[in-house]
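Novice: Structure provided below as structure tokens; questions to follow.
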Amino acid sequence: MAASSPPSPSPCPDRRAVEQLTGRPLRQDWPAGALAAGSRVVVVRDPGWDGPWRNEFLGTIDAMGAPEPVEHRHARAGELAYWVTFDEPQYDGDGDGPYRKAWIWDRYLRPSP
């Protein structure tokens, strides 16, 4: 994982919408060791089940909000989730979508070659 400096906050409509839905501001303090905003990634499928995405595809780590620890009983210790903007709209494993951006656990991200 590449180190990065904190991105400057942006008043983008997506960020405002997410903050409205969650009832809290998105973090802007980028964790040490996290993938840098602007990093190209491949979003991958889980080998153990049919998801979380229908296909593997390319995207970019978005600076809308800093990566945050995943707070879920199935999360790995220290696992982060990132906002990822997709190169093309995508459908999830249940067929919902298309989505152009999503909050994705790092286990489903690989640096793009």
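Letters A, B, ... mark the chains of the structure tokens in the order given; residue numbers begin at 1 per chain; ligand numbers begin at 1, in order shown.
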Could you name the residues that touch Val70 of chain A at 12 Å or less, counting only C-alpha atoms, but leaving out those on the same chain fewer than 5 positions away, as a list in words?

Specialist: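 My reading of the contact set: Ala75, Arg76, Ala77, Gly78, Glu79, Leu80, Ala81, Tyr82, Trp103, Ile104, Trp105, Asp106 and Arg107 of chain A.
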
Novice: Write out as a ChimeraX atom specification all residues of chain A that backbone DSSP assigns to strand (DSSP E or B).

Specialist: /A:40-43,53,57-61,68-69,80-90,92,99-105,109-111

Novice: Taking the DSSP assignment computed from this structure's backbone, write out as a PyMOL selection string all residues of chain A that belong to alpha helix (DSSP H).

Specialist: chain A and resi 13-22

Novice: I need the residue nearest Pro13 of chain A from this list: A:Val84, A:Leu109, A:Met64, A:Leu35. Use only C-alpha atoms for the distance.

Specialist: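 So, comparing all the options, the nearest one is A:Met64.
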
Novice: So which residues touch Leu26 of chain A within 10 Å, counting only C-alpha atoms, skipping near sequence neighbours fewer than 4 positions away, as a PyMOL selection string?

Specialist: chain A and resi 9+15-16+18-19+22+64-68

Novice: Could you tell me how far atom CA of His74 of chain A lies from atom CA of Gly51 of chain A, in Å and to one decimal?

Specialist: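 We find that atom CA of His74 of chain A and atom CA of Gly51 of chain A lie 14.8 Å from each other.
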